[in-house]
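Below: work04.cif (mmCIF, C-alpha atoms)
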data_target
#
loop_
_atom_site.label_atom_id
_atom_site.label_comp_id
_atom_site.auth_asym_id
_atom_site.auth_seq_id
_atom_site.Cartn_x
_atom_site.Cartn_y
_atom_site.Cartn_z
CA MET A 191 0.00 0.00 0.00
CA ARG A 192 1.30 3.44 -0.89
CA THR A 193 1.79 5.77 2.04
CA ASN A 194 0.33 8.81 0.27
CA GLN A 195 -2.95 7.06 -0.45
CA ALA A 196 -5.96 8.80 1.09
CA THR A 197 -8.14 6.95 3.52
CA SER A 198 -11.28 7.90 5.33
CA TYR A 199 -9.27 8.95 8.37
CA ALA A 200 -7.02 11.33 6.42
CA ILE A 201 -7.73 14.99 7.13
CA TYR A 202 -8.16 17.60 4.41
CA ASN A 203 -5.38 20.14 4.68
CA PRO A 204 -6.01 23.42 2.82
CA ALA A 205 -2.33 24.34 3.20
CA LEU A 206 -1.51 21.59 0.69
CA ASN A 207 -3.64 23.19 -2.03
CA VAL A 208 -2.01 24.80 -5.02
CA PRO A 209 -4.45 27.49 -6.23
CA GLY A 210 -6.07 26.48 -9.51
CA ARG A 211 -4.60 22.99 -9.45
CA PRO A 212 -6.86 20.19 -8.17
CA ASP A 213 -5.30 17.35 -6.24
CA TYR A 214 -6.99 13.94 -6.27
CA TRP A 215 -6.13 12.99 -2.68
CA GLN A 216 -7.05 16.42 -1.35
CA THR A 217 -10.41 16.04 -3.11
CA ILE A 218 -11.02 12.70 -1.39
CA ARG A 219 -9.98 14.15 1.98
CA TYR A 220 -12.26 17.15 1.45
CA ILE A 221 -15.19 14.83 0.73
CA TYR A 222 -14.63 12.84 3.91
CA GLN A 223 -14.12 15.89 6.09
CA HIS A 224 -17.37 17.51 4.93
CA LEU A 225 -19.62 14.49 4.38
CA ASP A 226 -22.41 13.99 6.89
CA PHE A 227 -23.02 10.30 6.09
CA HIS A 228 -20.83 7.26 5.52
CA ILE A 229 -19.61 6.03 2.15
CA SER A 230 -16.83 3.54 1.51
CA GLU A 231 -13.50 4.60 0.08
CA ASP A 232 -14.33 2.67 -3.09
CA GLU A 233 -17.57 4.63 -3.46
CA ALA A 234 -15.71 7.91 -2.98
CA TYR A 235 -13.12 6.89 -5.57
CA VAL A 236 -15.74 5.78 -8.12
CA ILE A 237 -17.74 9.00 -7.83
CA THR A 238 -14.61 11.16 -7.96
CA ASN A 239 -13.21 9.28 -10.94
CA LEU A 240 -16.48 9.55 -12.87
CA PHE A 241 -16.57 13.27 -12.08
CA ILE A 242 -12.98 13.72 -13.28
CA GLU A 243 -13.68 11.76 -16.46
CA LYS A 244 -16.59 14.06 -17.39
CA TRP A 245 -14.72 17.17 -16.19
CA ASP A 246 -11.76 16.34 -18.43
CA GLU A 247 -14.06 15.62 -21.41
CA SER A 248 -15.61 19.06 -20.92
CA GLN A 249 -12.33 20.95 -21.09
CA GLY A 250 -12.86 24.30 -22.80
CA LYS A 251 -16.65 24.01 -22.56
CA LEU A 252 -19.17 25.48 -20.16
CA VAL A 253 -19.81 23.00 -17.34
CA TYR A 254 -23.17 22.90 -15.57
CA GLU A 255 -23.34 21.40 -12.09
CA GLU A 256 -26.65 19.64 -12.71
CA GLU A 257 -25.37 18.09 -15.93
CA LEU A 258 -22.32 16.71 -14.15
CA LYS A 259 -24.42 15.36 -11.28
CA LYS A 260 -26.76 13.59 -13.70
CA HIS A 261 -23.82 12.14 -15.62
CA VAL A 262 -22.10 10.81 -12.51
CA PHE A 263 -25.32 9.29 -11.18
CA SER A 264 -26.13 7.70 -14.54
CA GLU A 265 -22.64 6.23 -14.85
CA CYS A 266 -22.79 4.93 -11.27
CA ARG A 267 -25.91 2.98 -12.23
CA ASN A 268 -25.03 1.93 -15.77
CA ARG A 269 -21.31 1.35 -15.80
CA VAL A 270 -20.07 0.55 -12.33
CA VAL A 271 -23.25 -0.55 -10.56
CA LEU A 272 -22.91 1.67 -7.51
CA PHE A 273 -26.18 1.61 -5.59
CA LEU A 274 -25.93 4.68 -3.39
CA PRO A 275 -29.11 6.78 -3.44
CA GLU A 276 -29.11 9.57 -6.00
CA ALA A 277 -29.18 12.27 -3.30
CA LYS A 278 -25.99 10.89 -1.70
CA ILE A 279 -24.16 10.72 -5.04
CA HIS A 280 -25.25 14.29 -5.75
CA ARG A 281 -24.00 15.37 -2.31
CA VAL A 282 -20.55 13.92 -3.02
CA VAL A 283 -20.49 15.74 -6.38
CA ASP A 284 -21.51 18.95 -4.55
CA LEU A 285 -18.50 18.48 -2.28
CA ILE A 286 -16.20 18.01 -5.27
CA PHE A 287 -17.50 21.30 -6.65
CA ALA A 288 -17.00 22.92 -3.23
CA TYR A 289 -13.39 21.69 -3.21
CA LEU A 290 -12.84 23.07 -6.73
CA ARG A 291 -14.31 26.41 -5.64
CA SER A 292 -12.00 26.48 -2.62
CA ILE A 293 -8.95 26.37 -4.90
CA GLY A 294 -10.36 28.77 -7.47
CA GLN A 295 -10.92 26.12 -10.15
CA PHE A 296 -14.70 26.55 -10.44
CA LEU A 297 -16.88 29.60 -9.96
#

Just give me the structure as structure tokens.
Amino acid sequence: MRTNQATSYAIYNPALNVPGRPDYWQTIRYIYQHLDFHISEDEAYVITNLFIEKWDESQGKLVYEEELKKHVFSECRNRVVLFLPEAKIHRVVDLIFAYLRSIGQFL
């Protein structure tokens, strides 16, 4: 196991942020620090990876939060068979957006 791998007990540290440059492990830590319900690490990774996939596809285009939420939820059901309720998946995506806002990557 790599020592820099995030786990549910890792704490988000804003001092590690580089403005305008998202960090995968900081994103995961941010999710866990601000989430008010339990999800597994695998669930957090799947949702984050699906978000990143769509985010990267949308480079140079206008990104709408609702569109990204719908995409991530749809892919969770169709591609990876993640059975979290839609509201919980949307909440995790909201936290990813909040993290991106905190580093100036999304307005």

Next item on the list: Enter the distance from atom CA of Glu256 of chain A to atom CA of Thr238 of chain A, in Å, rounded to one decimal.
Entry: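 Answer for the atom CA of Glu256 of chain A to atom CA of Thr238 of chain A separation: 15.5 Å.
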
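A straight line drawn from atom CA of Tyr254 of chain A to atom CA of Asp213 of chain A is 20.9 Å long.
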
Margin query: Report as a PyMOL selection string all protein, DNA and RNA residues lying within 12 Å of Ile293 of chain A, evaluated on all atoms listed in the file, omitting residues in the same chain fewer than 5 positions from it.
Written below: chain A and resi 203-213+216-217+220+286-288

Per residue of segment 201-245 of chain A within 9 Å of segment 273-281 of chain A, which atom pair is closest and at what distance in Å (one decimal), using only C-alpha atoms, listed by chain and increasing number, as CSV?
residue,atom,partner,partner_atom,distance
A:Leu225,CA,A:Arg281,CA,8.0
A:Phe227,CA,A:Lys278,CA,8.4
A:Ile229,CA,A:Leu274,CA,8.5
A:Glu233,CA,A:Leu274,CA,8.4
A:Ile237,CA,A:Ile279,CA,7.2

Next item on the list: Quick one: everything within 9 Å of segment 243-250 of chain A, counting all atoms listed in the file, minus sequence neighbours fewer than 4 positions away in the same chain. Send it as a list in words.
Entry: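 That gives Thr238, Asn239, Leu258, His261 and Val262 of chain A.
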
So that I have them on file, write out the residues from the current selection with C-alpha atoms, as an mmCIF file, keeping the file's coordinate frame.
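Written output follows (result.cif):
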data_model
loop_
_atom_site.group_PDB
_atom_site.id
_atom_site.type_symbol
_atom_site.label_atom_id
_atom_site.label_comp_id
_atom_site.auth_asym_id
_atom_site.auth_seq_id
_atom_site.Cartn_x
_atom_site.Cartn_y
_atom_site.Cartn_z
ATOM 1 C CA THR A 238 -14.610 11.160 -7.960
ATOM 2 C CA ASN A 239 -13.210 9.280 -10.940
ATOM 3 C CA LEU A 258 -22.320 16.710 -14.150
ATOM 4 C CA HIS A 261 -23.820 12.140 -15.620
ATOM 5 C CA VAL A 262 -22.100 10.810 -12.510
#

Check: Please, what distance in Å, to one decimal, runs between atom CA of Val270 of chain A and atom CA of Arg219 of chain A?
Finding: 22.2 Å

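Closest approach to Val282 of chain A from the set A:Ile218, A:Lys251, A:Glu257, A:Tyr202 is made by A:Ile218, with distances taken over all atoms listed in the file.
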